[in-house]
Structures are given as structure tokens and as C-alpha cells.
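> File name entry07.cif; file contents mmCIF, N, CA, C and O atoms; full text below.
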```
data_model
#
loop_
_atom_site.label_atom_id
_atom_site.label_comp_id
_atom_site.auth_asym_id
_atom_site.auth_seq_id
_atom_site.Cartn_x
_atom_site.Cartn_y
_atom_site.Cartn_z
N MET A 1 -20.56 -11.61 4.85
CA MET A 1 -19.96 -12.27 3.72
C MET A 1 -18.75 -11.44 3.27
O MET A 1 -18.82 -10.23 3.19
N SER A 2 -17.66 -12.10 2.96
CA SER A 2 -16.43 -11.40 2.60
C SER A 2 -16.53 -10.76 1.22
O SER A 2 -17.33 -11.20 0.38
N ASP A 3 -15.71 -9.74 1.00
CA ASP A 3 -15.67 -9.09 -0.32
C ASP A 3 -15.27 -10.09 -1.40
O ASP A 3 -15.81 -10.05 -2.50
N THR A 4 -14.34 -10.98 -1.09
CA THR A 4 -13.90 -11.97 -2.07
C THR A 4 -15.06 -12.88 -2.47
O THR A 4 -15.25 -13.15 -3.66
N ARG A 5 -15.83 -13.31 -1.49
CA ARG A 5 -16.98 -14.17 -1.78
C ARG A 5 -18.02 -13.42 -2.61
O ARG A 5 -18.58 -13.97 -3.56
N LEU A 6 -18.28 -12.17 -2.27
CA LEU A 6 -19.25 -11.37 -3.03
C LEU A 6 -18.79 -11.17 -4.47
O LEU A 6 -19.58 -11.23 -5.40
N LYS A 7 -17.51 -10.93 -4.66
CA LYS A 7 -16.99 -10.75 -6.02
C LYS A 7 -17.09 -12.05 -6.81
O LYS A 7 -17.36 -12.03 -8.02
N SER A 8 -16.93 -13.19 -6.15
CA SER A 8 -17.11 -14.48 -6.82
C SER A 8 -18.57 -14.68 -7.22
O SER A 8 -18.85 -15.17 -8.32
N ILE A 9 -19.48 -14.27 -6.35
CA ILE A 9 -20.91 -14.35 -6.68
C ILE A 9 -21.22 -13.47 -7.87
O ILE A 9 -21.92 -13.88 -8.81
N LEU A 10 -20.69 -12.26 -7.87
CA LEU A 10 -20.91 -11.35 -9.00
C LEU A 10 -20.33 -11.94 -10.29
O LEU A 10 -20.95 -11.86 -11.35
N ALA A 11 -19.16 -12.54 -10.22
CA ALA A 11 -18.55 -13.15 -11.41
C ALA A 11 -19.46 -14.24 -11.97
O ALA A 11 -19.64 -14.33 -13.20
N ILE A 12 -20.07 -15.03 -11.11
CA ILE A 12 -21.01 -16.08 -11.55
C ILE A 12 -22.24 -15.44 -12.19
O ILE A 12 -22.70 -15.90 -13.25
N GLN A 13 -22.77 -14.40 -11.57
CA GLN A 13 -23.93 -13.71 -12.13
C GLN A 13 -23.62 -13.14 -13.52
O GLN A 13 -24.43 -13.25 -14.45
N LEU A 14 -22.45 -12.54 -13.66
CA LEU A 14 -22.06 -11.94 -14.94
C LEU A 14 -21.87 -13.01 -16.00
O LEU A 14 -22.27 -12.84 -17.16
N HIS A 15 -21.27 -14.13 -15.63
CA HIS A 15 -21.07 -15.24 -16.56
C HIS A 15 -22.42 -15.75 -17.08
O HIS A 15 -22.56 -16.04 -18.27
N ALA A 16 -23.41 -15.82 -16.20
CA ALA A 16 -24.74 -16.30 -16.59
C ALA A 16 -25.41 -15.40 -17.61
O ALA A 16 -26.29 -15.86 -18.35
N LEU A 17 -25.00 -14.14 -17.68
CA LEU A 17 -25.59 -13.20 -18.65
C LEU A 17 -25.10 -13.45 -20.07
O LEU A 17 -25.67 -12.94 -21.03
N GLY A 18 -24.00 -14.20 -20.19
CA GLY A 18 -23.45 -14.46 -21.52
C GLY A 18 -22.69 -13.28 -22.11
O GLY A 18 -22.49 -13.20 -23.31
N LEU A 19 -22.26 -12.37 -21.25
CA LEU A 19 -21.50 -11.20 -21.70
C LEU A 19 -20.03 -11.59 -21.86
O LEU A 19 -19.60 -12.63 -21.36
N PRO A 20 -19.24 -10.74 -22.50
CA PRO A 20 -17.80 -11.02 -22.56
C PRO A 20 -17.23 -11.18 -21.14
O PRO A 20 -17.69 -10.55 -20.19
N VAL A 21 -16.22 -12.03 -21.03
CA VAL A 21 -15.61 -12.29 -19.72
C VAL A 21 -14.80 -11.06 -19.30
O VAL A 21 -13.96 -10.58 -20.05
N PRO A 22 -15.07 -10.56 -18.09
CA PRO A 22 -14.33 -9.38 -17.64
C PRO A 22 -12.95 -9.75 -17.12
O PRO A 22 -12.70 -10.88 -16.71
N GLU A 23 -12.06 -8.78 -17.15
CA GLU A 23 -10.77 -8.92 -16.46
C GLU A 23 -11.00 -8.58 -15.01
O GLU A 23 -11.75 -7.66 -14.69
N ARG A 24 -10.36 -9.32 -14.12
CA ARG A 24 -10.51 -9.08 -12.68
C ARG A 24 -9.33 -8.24 -12.20
O ARG A 24 -8.21 -8.36 -12.70
N ASP A 25 -9.57 -7.39 -11.22
CA ASP A 25 -8.54 -6.53 -10.63
C ASP A 25 -7.74 -5.81 -11.71
O ASP A 25 -6.52 -5.85 -11.75
N TYR A 26 -8.46 -5.12 -12.55
CA TYR A 26 -7.89 -4.42 -13.70
C TYR A 26 -7.33 -3.06 -13.28
O TYR A 26 -7.98 -2.31 -12.55
N SER A 27 -6.14 -2.75 -13.75
CA SER A 27 -5.53 -1.47 -13.46
C SER A 27 -4.72 -1.00 -14.66
O SER A 27 -3.66 -1.54 -14.94
N PRO A 28 -5.23 0.00 -15.38
CA PRO A 28 -4.50 0.52 -16.54
C PRO A 28 -3.50 1.60 -16.10
O PRO A 28 -3.70 2.78 -16.36
N GLY A 29 -2.48 1.20 -15.41
CA GLY A 29 -1.56 2.19 -14.85
C GLY A 29 -1.82 2.32 -13.37
O GLY A 29 -2.43 1.47 -12.75
N ARG A 30 -1.40 3.43 -12.81
CA ARG A 30 -1.51 3.58 -11.36
C ARG A 30 -2.63 4.51 -10.93
O ARG A 30 -2.85 4.70 -9.75
N GLN A 31 -3.34 5.11 -11.87
CA GLN A 31 -4.34 6.11 -11.49
C GLN A 31 -5.59 5.50 -10.87
O GLN A 31 -6.19 6.11 -10.00
N TRP A 32 -6.01 4.33 -11.33
CA TRP A 32 -7.24 3.74 -10.81
C TRP A 32 -7.23 2.25 -11.07
O TRP A 32 -6.42 1.74 -11.84
N ARG A 33 -8.14 1.54 -10.41
CA ARG A 33 -8.30 0.11 -10.61
C ARG A 33 -9.77 -0.24 -10.51
O ARG A 33 -10.55 0.49 -9.90
N ALA A 34 -10.12 -1.36 -11.11
CA ALA A 34 -11.50 -1.83 -11.06
C ALA A 34 -11.50 -3.31 -10.68
O ALA A 34 -10.57 -4.05 -11.01
N ASP A 35 -12.55 -3.72 -10.01
CA ASP A 35 -12.68 -5.12 -9.64
C ASP A 35 -13.01 -5.98 -10.86
O ASP A 35 -12.55 -7.12 -10.97
N PHE A 36 -13.78 -5.42 -11.79
CA PHE A 36 -14.12 -6.08 -13.05
C PHE A 36 -13.99 -5.03 -14.15
O PHE A 36 -14.41 -3.90 -13.97
N ALA A 37 -13.44 -5.43 -15.29
CA ALA A 37 -13.33 -4.47 -16.40
C ALA A 37 -13.43 -5.19 -17.72
O ALA A 37 -13.00 -6.34 -17.88
N TRP A 38 -13.99 -4.48 -18.66
CA TRP A 38 -14.09 -4.92 -20.05
C TRP A 38 -13.35 -3.86 -20.87
O TRP A 38 -13.95 -2.92 -21.39
N PRO A 39 -12.01 -3.99 -20.97
CA PRO A 39 -11.21 -2.95 -21.62
C PRO A 39 -11.63 -2.65 -23.06
O PRO A 39 -11.59 -1.48 -23.46
N ASP A 40 -12.04 -3.64 -23.81
CA ASP A 40 -12.45 -3.39 -25.19
C ASP A 40 -13.68 -2.50 -25.29
O ASP A 40 -13.93 -1.87 -26.31
N TYR A 41 -14.45 -2.46 -24.22
CA TYR A 41 -15.68 -1.68 -24.19
C TYR A 41 -15.57 -0.43 -23.30
O TYR A 41 -16.52 0.34 -23.20
N HIS A 42 -14.45 -0.30 -22.63
CA HIS A 42 -14.25 0.80 -21.67
C HIS A 42 -15.36 0.84 -20.61
O HIS A 42 -15.90 1.91 -20.30
N ILE A 43 -15.66 -0.34 -20.07
CA ILE A 43 -16.62 -0.47 -18.98
C ILE A 43 -15.87 -1.06 -17.79
O ILE A 43 -15.14 -2.03 -17.94
N ALA A 44 -16.07 -0.45 -16.62
CA ALA A 44 -15.42 -0.94 -15.41
C ALA A 44 -16.41 -0.94 -14.26
O ALA A 44 -17.33 -0.11 -14.21
N LEU A 45 -16.22 -1.88 -13.34
CA LEU A 45 -17.08 -1.99 -12.18
C LEU A 45 -16.20 -2.05 -10.93
O LEU A 45 -15.23 -2.81 -10.89
N VAL A 46 -16.56 -1.22 -9.96
CA VAL A 46 -15.84 -1.18 -8.69
C VAL A 46 -16.82 -1.52 -7.58
O VAL A 46 -17.91 -0.95 -7.50
N VAL A 47 -16.44 -2.47 -6.73
CA VAL A 47 -17.23 -2.80 -5.55
C VAL A 47 -16.74 -1.91 -4.43
O VAL A 47 -15.57 -1.97 -4.04
N VAL A 48 -17.62 -1.06 -3.94
CA VAL A 48 -17.25 -0.15 -2.86
C VAL A 48 -17.70 -0.74 -1.53
O VAL A 48 -18.70 -1.44 -1.45
N SER A 49 -16.97 -0.44 -0.51
CA SER A 49 -17.23 -0.97 0.82
C SER A 49 -18.52 -0.41 1.39
O SER A 49 -18.94 0.70 1.05
N ASP A 50 -19.12 -1.18 2.27
CA ASP A 50 -20.27 -0.67 3.01
C ASP A 50 -19.85 0.40 4.01
O ASP A 50 -20.64 1.21 4.44
N ARG A 51 -18.57 0.37 4.38
CA ARG A 51 -18.06 1.36 5.33
C ARG A 51 -17.90 2.70 4.63
O ARG A 51 -17.33 2.78 3.55
N ARG A 52 -18.38 3.72 5.24
CA ARG A 52 -18.25 5.06 4.66
C ARG A 52 -16.83 5.57 4.83
O ARG A 52 -16.20 5.35 5.85
N ARG A 53 -16.35 6.26 3.80
CA ARG A 53 -15.01 6.85 3.86
C ARG A 53 -15.16 8.36 3.93
O ARG A 53 -15.98 8.94 3.24
N TYR A 54 -14.34 8.95 4.74
CA TYR A 54 -14.39 10.40 4.90
C TYR A 54 -13.00 10.98 4.72
O TYR A 54 -12.00 10.28 4.79
N GLY A 55 -12.97 12.28 4.51
CA GLY A 55 -11.70 12.98 4.46
C GLY A 55 -10.87 12.64 3.24
O GLY A 55 -11.39 12.49 2.14
N ARG A 56 -9.59 12.50 3.47
CA ARG A 56 -8.64 12.32 2.37
C ARG A 56 -8.91 11.06 1.55
O ARG A 56 -8.80 11.07 0.33
N GLN A 57 -9.28 9.94 2.20
CA GLN A 57 -9.51 8.72 1.45
C GLN A 57 -10.69 8.87 0.49
O GLN A 57 -10.67 8.38 -0.62
N GLN A 58 -11.71 9.58 0.92
CA GLN A 58 -12.86 9.82 0.05
C GLN A 58 -12.43 10.65 -1.17
O GLN A 58 -12.84 10.38 -2.29
N GLU A 59 -11.57 11.63 -0.95
CA GLU A 59 -11.06 12.43 -2.05
C GLU A 59 -10.23 11.59 -3.01
O GLU A 59 -10.35 11.74 -4.23
N VAL A 60 -9.40 10.70 -2.47
CA VAL A 60 -8.59 9.82 -3.32
C VAL A 60 -9.51 8.94 -4.17
O VAL A 60 -9.28 8.77 -5.37
N ASP A 61 -10.54 8.38 -3.56
CA ASP A 61 -11.49 7.54 -4.31
C ASP A 61 -12.14 8.34 -5.43
O ASP A 61 -12.25 7.87 -6.57
N CYS A 62 -12.57 9.56 -5.12
CA CYS A 62 -13.20 10.41 -6.15
C CYS A 62 -12.22 10.71 -7.28
O CYS A 62 -12.58 10.66 -8.46
N GLU A 63 -10.99 11.02 -6.94
CA GLU A 63 -9.98 11.30 -7.97
C GLU A 63 -9.76 10.09 -8.87
O GLU A 63 -9.67 10.22 -10.09
N ARG A 64 -9.70 8.92 -8.28
CA ARG A 64 -9.50 7.69 -9.08
C ARG A 64 -10.69 7.44 -10.00
O ARG A 64 -10.52 7.12 -11.17
N HIS A 65 -11.89 7.57 -9.47
CA HIS A 65 -13.07 7.33 -10.28
C HIS A 65 -13.19 8.37 -11.39
O HIS A 65 -13.55 8.05 -12.53
N ASN A 66 -12.87 9.60 -11.07
CA ASN A 66 -12.92 10.65 -12.10
C ASN A 66 -11.85 10.44 -13.16
O ASN A 66 -12.08 10.72 -14.34
N ALA A 67 -10.68 9.93 -12.78
CA ALA A 67 -9.63 9.64 -13.76
C ALA A 67 -10.13 8.60 -14.76
O ALA A 67 -9.87 8.72 -15.96
N ALA A 68 -10.85 7.61 -14.29
CA ALA A 68 -11.40 6.59 -15.19
C ALA A 68 -12.42 7.22 -16.14
O ALA A 68 -12.39 6.97 -17.34
N ALA A 69 -13.29 8.05 -15.61
CA ALA A 69 -14.31 8.70 -16.44
C ALA A 69 -13.66 9.62 -17.47
O ALA A 69 -14.05 9.63 -18.64
N LEU A 70 -12.64 10.37 -17.06
CA LEU A 70 -11.96 11.27 -17.99
C LEU A 70 -11.20 10.52 -19.08
O LEU A 70 -10.96 11.06 -20.16
N ALA A 71 -10.84 9.27 -18.79
CA ALA A 71 -10.16 8.44 -19.79
C ALA A 71 -11.17 7.75 -20.72
O ALA A 71 -10.79 6.94 -21.56
N GLY A 72 -12.46 8.07 -20.55
CA GLY A 72 -13.48 7.54 -21.45
C GLY A 72 -14.15 6.25 -20.99
O GLY A 72 -14.84 5.61 -21.77
N TRP A 73 -13.97 5.90 -19.74
CA TRP A 73 -14.56 4.68 -19.22
C TRP A 73 -15.93 4.95 -18.62
O TRP A 73 -16.15 5.98 -18.00
N THR A 74 -16.84 4.00 -18.80
CA THR A 74 -18.09 3.99 -18.06
C THR A 74 -17.80 3.23 -16.78
O THR A 74 -17.40 2.07 -16.82
N LEU A 75 -17.98 3.89 -15.66
CA LEU A 75 -17.63 3.32 -14.37
C LEU A 75 -18.89 3.07 -13.56
O LEU A 75 -19.67 3.98 -13.31
N LEU A 76 -19.10 1.81 -13.19
CA LEU A 76 -20.22 1.43 -12.34
C LEU A 76 -19.70 1.18 -10.93
O LEU A 76 -18.75 0.42 -10.76
N LEU A 77 -20.30 1.83 -9.95
CA LEU A 77 -19.94 1.64 -8.55
C LEU A 77 -21.08 0.88 -7.88
O LEU A 77 -22.23 1.30 -7.96
N VAL A 78 -20.74 -0.23 -7.23
CA VAL A 78 -21.77 -1.04 -6.58
C VAL A 78 -21.33 -1.39 -5.16
O VAL A 78 -20.14 -1.45 -4.86
N THR A 79 -22.31 -1.62 -4.32
CA THR A 79 -22.05 -2.03 -2.94
C THR A 79 -22.31 -3.54 -2.81
O THR A 79 -22.95 -4.14 -3.69
N PRO A 80 -21.85 -4.14 -1.72
CA PRO A 80 -22.17 -5.55 -1.50
C PRO A 80 -23.68 -5.84 -1.53
O PRO A 80 -24.10 -6.85 -2.08
N ALA A 81 -24.49 -4.93 -0.99
CA ALA A 81 -25.94 -5.14 -1.02
C ALA A 81 -26.46 -5.20 -2.45
O ALA A 81 -27.38 -5.97 -2.75
N MET A 82 -25.88 -4.42 -3.34
CA MET A 82 -26.30 -4.41 -4.73
C MET A 82 -25.92 -5.71 -5.45
O MET A 82 -26.61 -6.12 -6.38
N ILE A 83 -24.85 -6.32 -5.03
CA ILE A 83 -24.48 -7.64 -5.57
C ILE A 83 -25.48 -8.67 -5.08
O ILE A 83 -26.01 -9.47 -5.85
N ARG A 84 -25.76 -8.64 -3.78
CA ARG A 84 -26.67 -9.63 -3.19
C ARG A 84 -28.07 -9.56 -3.78
O ARG A 84 -28.70 -10.59 -4.01
N ASP A 85 -28.58 -8.36 -4.04
CA ASP A 85 -29.97 -8.28 -4.53
C ASP A 85 -30.09 -8.26 -6.06
O ASP A 85 -31.18 -8.17 -6.60
N GLY A 86 -28.96 -8.33 -6.76
CA GLY A 86 -29.01 -8.46 -8.22
C GLY A 86 -28.91 -7.17 -9.00
O GLY A 86 -28.81 -7.19 -10.23
N ARG A 87 -28.92 -6.03 -8.32
CA ARG A 87 -28.84 -4.76 -9.06
C ARG A 87 -27.52 -4.62 -9.81
O ARG A 87 -27.48 -4.08 -10.92
N ALA A 88 -26.43 -5.12 -9.23
CA ALA A 88 -25.11 -4.95 -9.86
C ALA A 88 -25.08 -5.59 -11.25
O ALA A 88 -24.71 -4.94 -12.23
N HIS A 89 -25.47 -6.84 -11.34
CA HIS A 89 -25.39 -7.49 -12.66
C HIS A 89 -26.45 -6.94 -13.61
O HIS A 89 -26.25 -6.91 -14.82
N GLN A 90 -27.57 -6.44 -13.08
CA GLN A 90 -28.56 -5.81 -13.95
C GLN A 90 -28.01 -4.55 -14.60
O GLN A 90 -28.28 -4.27 -15.77
N TRP A 91 -27.21 -3.78 -13.84
CA TRP A 91 -26.63 -2.56 -14.41
C TRP A 91 -25.58 -2.88 -15.46
O TRP A 91 -25.49 -2.19 -16.47
N VAL A 92 -24.80 -3.92 -15.23
CA VAL A 92 -23.82 -4.33 -16.24
C VAL A 92 -24.54 -4.76 -17.51
O VAL A 92 -24.19 -4.35 -18.61
N GLU A 93 -25.57 -5.56 -17.35
CA GLU A 93 -26.36 -6.00 -18.50
C GLU A 93 -26.96 -4.80 -19.23
O GLU A 93 -26.92 -4.72 -20.47
N ALA A 94 -27.46 -3.83 -18.48
CA ALA A 94 -28.07 -2.64 -19.08
C ALA A 94 -27.06 -1.82 -19.86
O ALA A 94 -27.36 -1.33 -20.96
N ILE A 95 -25.85 -1.66 -19.33
CA ILE A 95 -24.86 -0.84 -20.04
C ILE A 95 -24.41 -1.53 -21.32
O ILE A 95 -24.23 -0.88 -22.35
N PHE A 96 -24.28 -2.85 -21.31
CA PHE A 96 -23.95 -3.56 -22.56
C PHE A 96 -25.09 -3.46 -23.55
O PHE A 96 -24.87 -3.26 -24.75
N HIS A 97 -26.32 -3.57 -23.07
CA HIS A 97 -27.48 -3.43 -23.96
C HIS A 97 -27.52 -2.03 -24.56
O HIS A 97 -27.73 -1.86 -25.76
N TRP A 98 -27.29 -1.01 -23.73
CA TRP A 98 -27.30 0.36 -24.21
C TRP A 98 -26.21 0.58 -25.26
O TRP A 98 -26.44 1.23 -26.27
N ARG A 99 -25.02 0.02 -25.00
CA ARG A 99 -23.92 0.19 -25.95
C ARG A 99 -24.26 -0.45 -27.30
O ARG A 99 -23.96 0.09 -28.35
N ARG A 100 -24.89 -1.62 -27.26
CA ARG A 100 -25.28 -2.29 -28.53
C ARG A 100 -26.33 -1.47 -29.27
O ARG A 100 -26.26 -1.34 -30.49
N GLU A 101 -27.28 -0.92 -28.54
CA GLU A 101 -28.35 -0.13 -29.15
C GLU A 101 -27.85 1.20 -29.69
O GLU A 101 -28.36 1.72 -30.67
N ALA A 102 -26.82 1.76 -29.06
CA ALA A 102 -26.30 3.08 -29.44
C ALA A 102 -25.43 3.03 -30.68
O ALA A 102 -25.21 4.06 -31.31
N LYS A 103 -24.95 1.85 -31.05
CA LYS A 103 -24.08 1.78 -32.24
C LYS A 103 -24.91 1.98 -33.50
O LYS A 103 -25.99 1.43 -33.63
N PRO A 104 -24.39 2.77 -34.44
CA PRO A 104 -25.14 3.04 -35.69
C PRO A 104 -25.23 1.82 -36.58
O PRO A 104 -24.48 0.94 -36.56
#
```
I need this file expressed as C-alpha cells, please.

Amino acid sequence: MSDTRLKSILAIQLHALGLPVPERDYSPGRQWRADFAWPDYHIALVVVSDRRRYGRQQEVDCERHNAAALAGWTLLLVTPAMIRDGRAHQWVEAIFHWRREAKP
């Protein structure tokens, strides 16, 4: 199944949760990008490839993800398998639930 198709499936799953609509292919500048983002909540989700990355590309990915974290974003990394079995949308739901519970 293509990445585009998997991201469409995830978008449908997220919509069914009744959460705020995420921005797709979000990039706040050039340091990093996310496949789905909720800028008002500083939550971002990146779909990572099933293919393992080594060497310089792996370092670039780490730098990008760390840049998001250092900017105050909660970053969720998911694989295609996690989209297919439902873990991806469960984690998004959990982080929104946690954020609501954590507010005073």
C-alpha cells in the first residue's frame, strides 16, 4: 500500500475521533516537516518509512525530529504498520486526552 493511501487512511481514522482537523504536510520553516500537525497544540505526526535509514540520512532525520522537540512540539513517529493496526490514531487520541487532563 502506498504512503499516500496510508496517510489518507490515517486522516479518516483521525477524523472519526472528532479531534481538531490537522494540517497536512506541515512545515514551520525549513528545519522539519510533519505529515500531520496541530499547530495550536504543538502536536505533530510523522509517518516514517518501513525502510531503515543509515548513515547521514538517519542523522538528518534525528536532527529534524529533535528540532521539533526543542521548539516545544510533541512529535509522534509512526510506521505504516502502526497506521494499519490502529496504534497511530490511538496515540494521537491519547496525547490529546493527556493534554486535556494536564490543563489546570
> Selected by the PyMOL selection byres (((chain A and resi 68-77 and name CA) around 10) and name CA) in the shown coordinates: which residues, as a ChimeraX atom specification?
/A:28,31-39,41-48,62-67,78-79,82,88,91-92,95
> Can you pull out every residue from chain A that DSSP, working from the backbone, puts in strand (DSSP E), and format the result as number ranges by chain?
A: 23-26, 34-38, 43-47, 74-78
> Suppose you want the space between atom N of Leu14 of chain A and atom CA of Ser27 of chain A; what is it in Å?
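Computing it gives 20.2 Å between the two atoms.
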> May I ask for the distance between atom N of His89 of chain A and atom CA of Ile9 of chain A, given in Å to one decimal place?
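Separation of atom N of His89 of chain A and atom CA of Ile9 of chain A: 9.9 Å.
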> For the atom pair atom N of Arg100 of chain A and atom CA of Asp61 of chain A, what is the interatomic distance in Å to one decimal place?
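Here the two named atoms are 28.1 Å from each other.
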